[in-house]
Amino acid sequence: MRTDPFSQKPIDALAEYKVRASKLLKDFASADKRRAFHAAHRLASLWPEVDANTLLADPSRIQRKHALAVIAREMGFRDWQHLTEEAHVEMPAFDTTRLFPPSTSFYLNAWFATYEEARDALGTRKDRFLFPYRHQFVVCEGGLLASLGVDVKDEDWEAIGRDWAKPRDARAHYRLNQKLARIVPPLPERPAPKRKPS
């Protein structure tokens, strides 16, 4: 169990996921049509033949188990059972260099020597994200993350200020760390240099 560095309280990952499932159900039942539709869209991902409007027309078909399953999938697990089996496993701190394999080189990334410069470039744009990269900092486009299977609309990005280097919310950063560690593929290993015959 990881400790929240700001409060020094332990973070119970499983409890966090259950809270998120409860929030999803609350949003689905909301009188706010936009919130309800967004929640229905997430829930509809469980069935290939169902869309958000179908669920909103028959809300009685949605149960808590469905919300739990959605949260599990969004976290990179097969289903809720898989999540409960693995949630206690602490993923290591996500290596942000994994976000920049050669296949993403055509995205427009801005590189900076200092955090302050990167933070200024990040600004308030919702389509940019700031990450440390070895001894530098990079501000990348949302398209780069999406190409790696990362959900750039995940509310946790907004909670951390889209800033991986100095996140505003430690719990949201923890959840994103768990997701990215499972979703983003590792960088391909570089072949060892060939030794010249002596």
# chains A, B, ... in the order shown; residues from 1 in each chain; ligands from 1
>>> residues_around(residues="Ala39 in chain A", least_positions_apart="5", cutoff="8 Å", atoms="only C-alpha atoms", output="number ranges by chain")
A: 24-25, 27-28
>>> select_by_dssp(residues="range 4-185 of chain A", states="helix (DSSP H, G or I)", output="PyMOL selection string")
chain A and resi 13-28+33-44+52-57+59-61+64-74+80-86+96-99+102-104+115-122+142-147+155-159+170-183
>>> residues_around(residues="range 156-171 of chain A", least_positions_apart="6", cutoff="6 Å", atoms="only C-alpha atoms", output="list in words")
Phe129, Leu130, Phe131 and Pro132 of chain A
>>> select_by_dssp(residues="chain A", states="strand (DSSP E)", output="list in words")
Arg2, Thr3, Pro10, Ile11, Ala110, Trp111, Phe112, Arg128, Phe129, Leu130, Phe131, Pro132, Tyr133, Gln136, Phe137, Val138, Val139, Cys140 and Glu141 of chain A
>>> residues_around(residues="Tyr133 in chain A", least_positions_apart="2", cutoff="12 Å", atoms="only C-alpha atoms", output="MDAnalysis selection string")
chainID A and resid 94:100 109:115 118 130:131 135:140 164:165
>>> write_last_selection(atoms="C-alpha atoms", output="mmCIF file, in the first residue's frame")
data_model
loop_
_atom_site.group_PDB
_atom_site.id
_atom_site.type_symbol
_atom_site.label_atom_id
_atom_site.label_comp_id
_atom_site.auth_asym_id
_atom_site.auth_seq_id
_atom_site.Cartn_x
_atom_site.Cartn_y
_atom_site.Cartn_z
ATOM 1 C CA PHE A 94 6.238 4.676 -14.241
ATOM 2 C CA ASP A 95 9.263 5.317 -16.456
ATOM 3 C CA THR A 96 8.103 8.263 -18.591
ATOM 4 C CA THR A 97 10.674 7.509 -21.294
ATOM 5 C CA ARG A 98 8.265 4.706 -22.319
ATOM 6 C CA LEU A 99 5.953 7.411 -23.683
ATOM 7 C CA PHE A 100 8.412 8.381 -26.396
ATOM 8 C CA ASN A 109 6.845 17.576 -28.611
ATOM 9 C CA ALA A 110 8.468 20.582 -26.985
ATOM 10 C CA TRP A 111 11.630 19.865 -24.983
ATOM 11 C CA PHE A 112 12.935 22.046 -22.138
ATOM 12 C CA ALA A 113 15.966 22.133 -19.891
ATOM 13 C CA THR A 114 14.030 23.409 -16.850
ATOM 14 C CA TYR A 115 10.682 22.622 -15.273
ATOM 15 C CA ALA A 118 8.003 23.470 -19.518
ATOM 16 C CA LEU A 130 4.034 17.713 -19.105
ATOM 17 C CA PHE A 131 6.447 14.879 -18.271
ATOM 18 C CA HIS A 135 17.276 15.359 -17.096
ATOM 19 C CA GLN A 136 14.842 17.310 -19.250
ATOM 20 C CA PHE A 137 11.129 18.049 -19.452
ATOM 21 C CA VAL A 138 8.774 17.544 -22.358
ATOM 22 C CA VAL A 139 5.344 18.924 -23.181
ATOM 23 C CA CYS A 140 3.536 16.550 -25.529
ATOM 24 C CA TRP A 164 3.463 14.506 -14.170
ATOM 25 C CA ALA A 165 6.515 16.269 -12.741
#
>>> atom_distance(atom1="CA of Leu145 in chain A", atom2="CA of Leu55 in chain A")
28.9 Å
>>> closest_residue(among="A:Arg119, A:His173, A:Arg20, A:Lys126", to="Val70 in chain A", atoms="only C-alpha atoms")
A:Arg20
>>> residues_around(residues="Lys179 in chain A", least_positions_apart="3", cutoff="8 Å", atoms="only C-alpha atoms", output="VMD selection string")
chain A and resid 74 to 76 175 to 176 182 to 183
>>> write_last_selection(atoms="C-alpha atoms", output="PDB file, in the first residue's frame")
ATOM      1  CA  GLU A  74     -10.129   1.642 -17.476  1.00  0.00           C
ATOM      2  CA  MET A  75      -7.372   0.705 -15.051  1.00  0.00           C
ATOM      3  CA  GLY A  76      -5.981  -1.818 -17.534  1.00  0.00           C
ATOM      4  CA  ARG A 175      -3.943   5.947 -10.089  1.00  0.00           C
ATOM      5  CA  LEU A 176      -2.441   7.186 -13.358  1.00  0.00           C
ATOM      6  CA  ARG A 182      -0.038  -1.618 -17.231  1.00  0.00           C
ATOM      7  CA  ILE A 183      -1.114  -0.011 -20.513  1.00  0.00           C
TER       8      ILE A 183
END
>>> atom_distance(atom1="CA of His38 in chain A", atom2="CA of Asn53 in chain A")
10.3 Å
>>> residues_around(residues="Val152 in chain A", least_positions_apart="2", cutoff="9 Å", atoms="only C-alpha atoms", output="list in words")
Asp127, Gly142, Gly143, Leu145, Ala146, Val150, Asp154, Glu155 and Trp157 of chain A
>>> atom_distance(atom1="CA of Ala181 in chain A", atom2="CA of Lys26 in chain A")
28.4 Å
